[in-house]
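All remarks here apply to the structure that follows.
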Amino acid sequence: MSAIEELLREDLRGRTAYGAPQLDVPVALNTNESSYAVPPEVVDEIVAAVAAVAPGLNRYPDREFTDLRTDLADYLSRSGTTVRAEQVWAGNGSNEVLLHLLQAFGGQGRTALGFTPAYSMHPIITATTGTTWVDGMRGVGASDRRGGAPFDLSVESAVEQVERHDPHVVFLCSPNNPTGTALTLDVVTAVHDAAPRAVVVVDEAYAEFARAGTPSALTLLEGRPRLVVTRTMSKAFAFAGGRLGYLAADPELVDALRLVRMPYHLSSPAQAIARAALRHADTMLGTVDAIKEQRDRIVESLPGLGLDPVPSDANFVLFGGLRDSATTWQALLDRGVLVRDVGIDHYLRVTAGTPEETTAFLDAVAGLGPDHLEGQP
């Protein structure tokens, strides 16, 4: 063991840092980014917004990011559920928002529960705060796939696991990453009621891509001070490089996060560019329907190639039926298509991109041959 390893916290020794491959390939469909560039008119607004705040960079930014919180509240309220600025919190990507939650409500001697497979950063962030992570389980391998969704989370299963572990923080993803499956609100309310001393976090990073009729947990916030809904501008807003995540919750819970955030954690330029993007919300979201169309095209096309896609409410598709995930991942990369190996045997995940990227992906899959399929001789 090196001197640095000896100095490192024992619970962090041997761990691997989070990171998806960033490779120079013709078709990169592995990190659920938008394949569409920021529109020129929004770029112009962003440049003007940064120019406007640049002379004042000798001063610290608005610590409370008041105007940004107002804009985010207005955006969320467009869904039909009124959200007030005092209910909103933001950070450098949703990961920092999740970190604030765990810093405030996790820690030594406390546990966080998530239902895996789910967003891999949840246990990683949990570990960095000294909180104990508990792997809850979804219906992986269930004989009843309920229309091709082997990763469902039922009310009964979720409640039983929550009651057994009695966590301090519970993570629910809807739509879930990496499966793309959304939760019904009865699961959220049942988990909330079964965990009376837990903050229940509903991660809705992909909410804007959900199919029609898929509900948001924003509708459940009223009267539930322990419920949190997290969102991001990285996905549907095509703003991953802007690094802006946020949440909606009870004002008292939001106030508690001030105890753990770093001073002035959102810079003046960060606040300015996020507000510029929000002023053009309709334009920034203008590619969502096109991306959903490609997602559905992938789901509809893969069965004809011998694969088993999971119906998705996100901007990606998890697909199974592979003999060996790592082998197929490399074979697709050799054909210039980068997808994501999410660590689930016989499955890979592909982001829905442009029509041309979808065609390239499907053509690459079609060229793999039957030896890549599970169950083939």
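To be explicit about the labels: the chains of the structure tokens are called A, B, and onward in the order shown, and within each one the residues are counted from 1, while ligands get numbers from 1 in the order they are shown.
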- Please give the complete set of residues from stretch 79-251 of chain A that DSSP, run on the backbone, assigns to helix (DSSP H, G or I), formatted as an MDAnalysis selection string. chainID A and resid 85:87 94:105 121:128 155:165 185:194 207:209 217:220 240:242 251
Distance table requested - stretch 160-242 of chain A against stretch 298-319 of chain A, cut-off 6 Å, only C-alpha atoms: one row per qualifying residue with the closest atom pair and its distance in Å to one decimal, ordered by chain and rising residue number, as a Markdown table.
| residue | atom | partner | partner_atom | distance |
| --- | --- | --- | --- | --- |
| A:Pro175 | CA | A:Asp313 | CA | 5.8 |
| A:Thr179 | CA | A:Leu318 | CA | 5.5 |
| A:Gly180 | CA | A:Ser312 | CA | 4.4 |
| A:Thr181 | CA | A:Ser312 | CA | 5.5 |
| A:Tyr206 | CA | A:Ala314 | CA | 5.3 |
| A:Phe209 | CA | A:Ala314 | CA | 5.0 |
| A:Ala210 | CA | A:Asp313 | CA | 4.2 |
| A:Arg211 | CA | A:Asp313 | CA | 5.6 |
Write out the residues from the selection above, keeping N, CA and C atoms, as an mmCIF file, in the first residue's frame.
data_model
loop_
_atom_site.group_PDB
_atom_site.id
_atom_site.type_symbol
_atom_site.label_atom_id
_atom_site.label_comp_id
_atom_site.auth_asym_id
_atom_site.auth_seq_id
_atom_site.Cartn_x
_atom_site.Cartn_y
_atom_site.Cartn_z
ATOM 1 N N PRO A 175 -38.004 9.123 -14.779
ATOM 2 C CA PRO A 175 -37.604 7.830 -15.333
ATOM 3 C C PRO A 175 -36.256 7.373 -14.772
ATOM 4 N N THR A 179 -32.527 2.106 -16.866
ATOM 5 C CA THR A 179 -33.562 1.279 -17.483
ATOM 6 C C THR A 179 -34.566 2.075 -18.298
ATOM 7 N N GLY A 180 -34.715 3.382 -18.012
ATOM 8 C CA GLY A 180 -35.668 4.216 -18.734
ATOM 9 C C GLY A 180 -37.093 4.101 -18.238
ATOM 10 N N THR A 181 -37.322 3.264 -17.249
ATOM 11 C CA THR A 181 -38.676 3.018 -16.754
ATOM 12 C C THR A 181 -39.091 4.090 -15.752
ATOM 13 N N TYR A 206 -34.740 12.987 -16.278
ATOM 14 C CA TYR A 206 -35.193 12.759 -17.651
ATOM 15 C C TYR A 206 -36.689 13.021 -17.820
ATOM 16 N N PHE A 209 -38.631 13.902 -21.104
ATOM 17 C CA PHE A 209 -38.722 12.913 -22.184
ATOM 18 C C PHE A 209 -39.823 11.879 -21.955
ATOM 19 N N ALA A 210 -40.507 11.955 -20.836
ATOM 20 C CA ALA A 210 -41.491 10.930 -20.495
ATOM 21 C C ALA A 210 -42.627 10.900 -21.509
ATOM 22 N N ARG A 211 -43.164 9.709 -21.705
ATOM 23 C CA ARG A 211 -44.296 9.563 -22.610
ATOM 24 C C ARG A 211 -45.528 10.242 -22.032
#
- Find the residues near A:Leu257: any atom within 10 Å, counting only C-alpha atoms, skip ones fewer than 4 places away on the same chain, and give them as number ranges by chain. A: 89, 97, 99-105, 252-253, 261
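Taking only C-alpha atoms, the non-local environment of A:Gln161 within 10 Å (same-chain residues fewer than 2 positions away omitted) comprises Leu113, Gly114, Phe115, Val134, Asp135, Gly136, Met137, Glu156, Ser157, Ala158, Val159, Glu163, Arg164, His165, Asp166, Pro167, Val191 and Ala194 of chain A.
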Could you make a table, as a tab-separated table, of the residues of stretch 263-298 of chain A that have an atom within 9 Å of an atom of stretch 350-361 of chain A, each with its nearest atom pair and distance in Å to one decimal, counting only C-alpha atoms, in chain and number order?
residue	atom	partner	partner_atom	distance
A:Ala290	CA	A:Thr354	CA	7.8
A:Ile291	CA	A:Ala352	CA	5.9
A:Lys292	CA	A:Ala352	CA	7.4
A:Glu293	CA	A:Ala352	CA	8.6
A:Gln294	CA	A:Ala352	CA	5.7
A:Arg295	CA	A:Ala352	CA	5.0
A:Asp296	CA	A:Ala352	CA	8.7
A:Arg297	CA	A:Thr358	CA	8.2
A:Ile298	CA	A:Thr358	CA	7.2
Write the residues of the preceding selection, restricted to C-alpha atoms, as a PDB file, in the first residue's frame.
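Saved as result.pdb:
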ATOM      1  CA  ALA A 290     -37.318  14.534 -32.232  1.00  0.00           C
ATOM      2  CA  ILE A 291     -35.242  12.677 -29.636  1.00  0.00           C
ATOM      3  CA  LYS A 292     -38.304  10.800 -28.360  1.00  0.00           C
ATOM      4  CA  GLU A 293     -39.062   9.780 -31.928  1.00  0.00           C
ATOM      5  CA  GLN A 294     -35.591   8.251 -32.279  1.00  0.00           C
ATOM      6  CA  ARG A 295     -35.913   6.567 -28.881  1.00  0.00           C
ATOM      7  CA  ASP A 296     -39.148   4.934 -29.975  1.00  0.00           C
ATOM      8  CA  ARG A 297     -37.577   3.995 -33.302  1.00  0.00           C
ATOM      9  CA  ILE A 298     -34.830   2.150 -31.432  1.00  0.00           C
TER      10      ILE A 298
END
Can you list every residue of stretch 54-88 of chain A that has an atom at most 12 Å from stretch 220-235 of chain A, with its nearest atom pair and the distance in Å to one decimal, using only C-alpha atoms, ordered by chain then number, as CSV?
residue,atom,partner,partner_atom,distance
A:Leu72,CA,A:Met233,CA,10.1
A:Ala73,CA,A:Arg231,CA,11.6
A:Tyr75,CA,A:Met233,CA,11.3
A:Leu76,CA,A:Arg231,CA,9.6
A:Thr81,CA,A:Leu220,CA,9.3
A:Thr82,CA,A:Glu222,CA,9.8
A:Val83,CA,A:Leu221,CA,9.2
A:Arg84,CA,A:Glu222,CA,11.4
A:Gln87,CA,A:Val228,CA,9.7
A:Val88,CA,A:Thr230,CA,9.6
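The shortest atom-to-atom distance to A:Ala118, with only C-alpha atoms taken into account, belongs to A:Asp203 out of A:Glu86, A:Asp24, A:Asp203, A:Asp186.
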- Task: Write out as a PyMOL selection string which residues come within 8 Å of stretch 272-279 of chain A when counting only C-alpha atoms, dropping same-chain ones fewer than 5 positions away.
- Result: chain A and resi 42+45-46+49-50+53+68+71-72+75+237+242+244+284
- Given the choices A:Glu10, A:Asp324, A:Asp345, A:Glu208, which gets closest to A:Asp289 if the distance is worked out from only C-alpha atoms? A:Glu208
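Of the listed residues (A:Ser34, A:Gly286, A:Ser268, A:Gln330), A:Ser268 comes nearest to A:Arg59; the distances count only C-alpha atoms.
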- Task: Write down as a PyMOL selection string the residues of stretch 15-239 of chain A whose backbone DSSP state falls under strand (DSSP E or B).
- Result: chain A and resi 27-28+88-91+111-116+132-137+169-173+199-203+227-232
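The closest residue to A:Glu41, picked from A:Thr283, A:Val25, A:Leu7, A:Gly369 and counting only C-alpha atoms, is A:Thr283.
Atom pair atom CA of A:Val339 / atom CA of A:Asp363: separated by 13.8 Å.
Distances to A:Ile124 were evaluated for A:Val337, A:Leu12, A:Val365, A:Met1 using only C-alpha atoms, and the minimum falls at A:Leu12.
Of note, atom CA of A:Thr132 and atom CA of A:Ala198 are spaced 13.7 Å apart.
The residue that comes closest to A:Pro40, out of A:His280, A:Leu218, A:Val155, A:Ala17 and on the basis of only C-alpha atoms, is A:His280.
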- Message: I'd like the neighbourhood of A:Gly93 as a VMD selection string, where a residue qualifies if any of its atoms comes within 6 Å (using only C-alpha atoms), though same-chain residues fewer than 2 positions away should be ignored.
- Response: chain A and resid 91 95 to 96 243 to 245
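Around A:Trp133, within 12 Å and counting only C-alpha atoms, the residues found are Asp11, Leu102, Gly106, Gly107, Gln108, Gly109, Arg110, Thr111, Ala112, Leu113, Gly114, Phe115, Thr116, Ser120, Met121, His122, Pro123, Ile124, Ile125, Thr126, Ala127, Thr128, Thr129, His165, Pro167, His168, Val169, Val170 and Phe171 of chain A, once anything fewer than 4 positions away on its own chain is removed.
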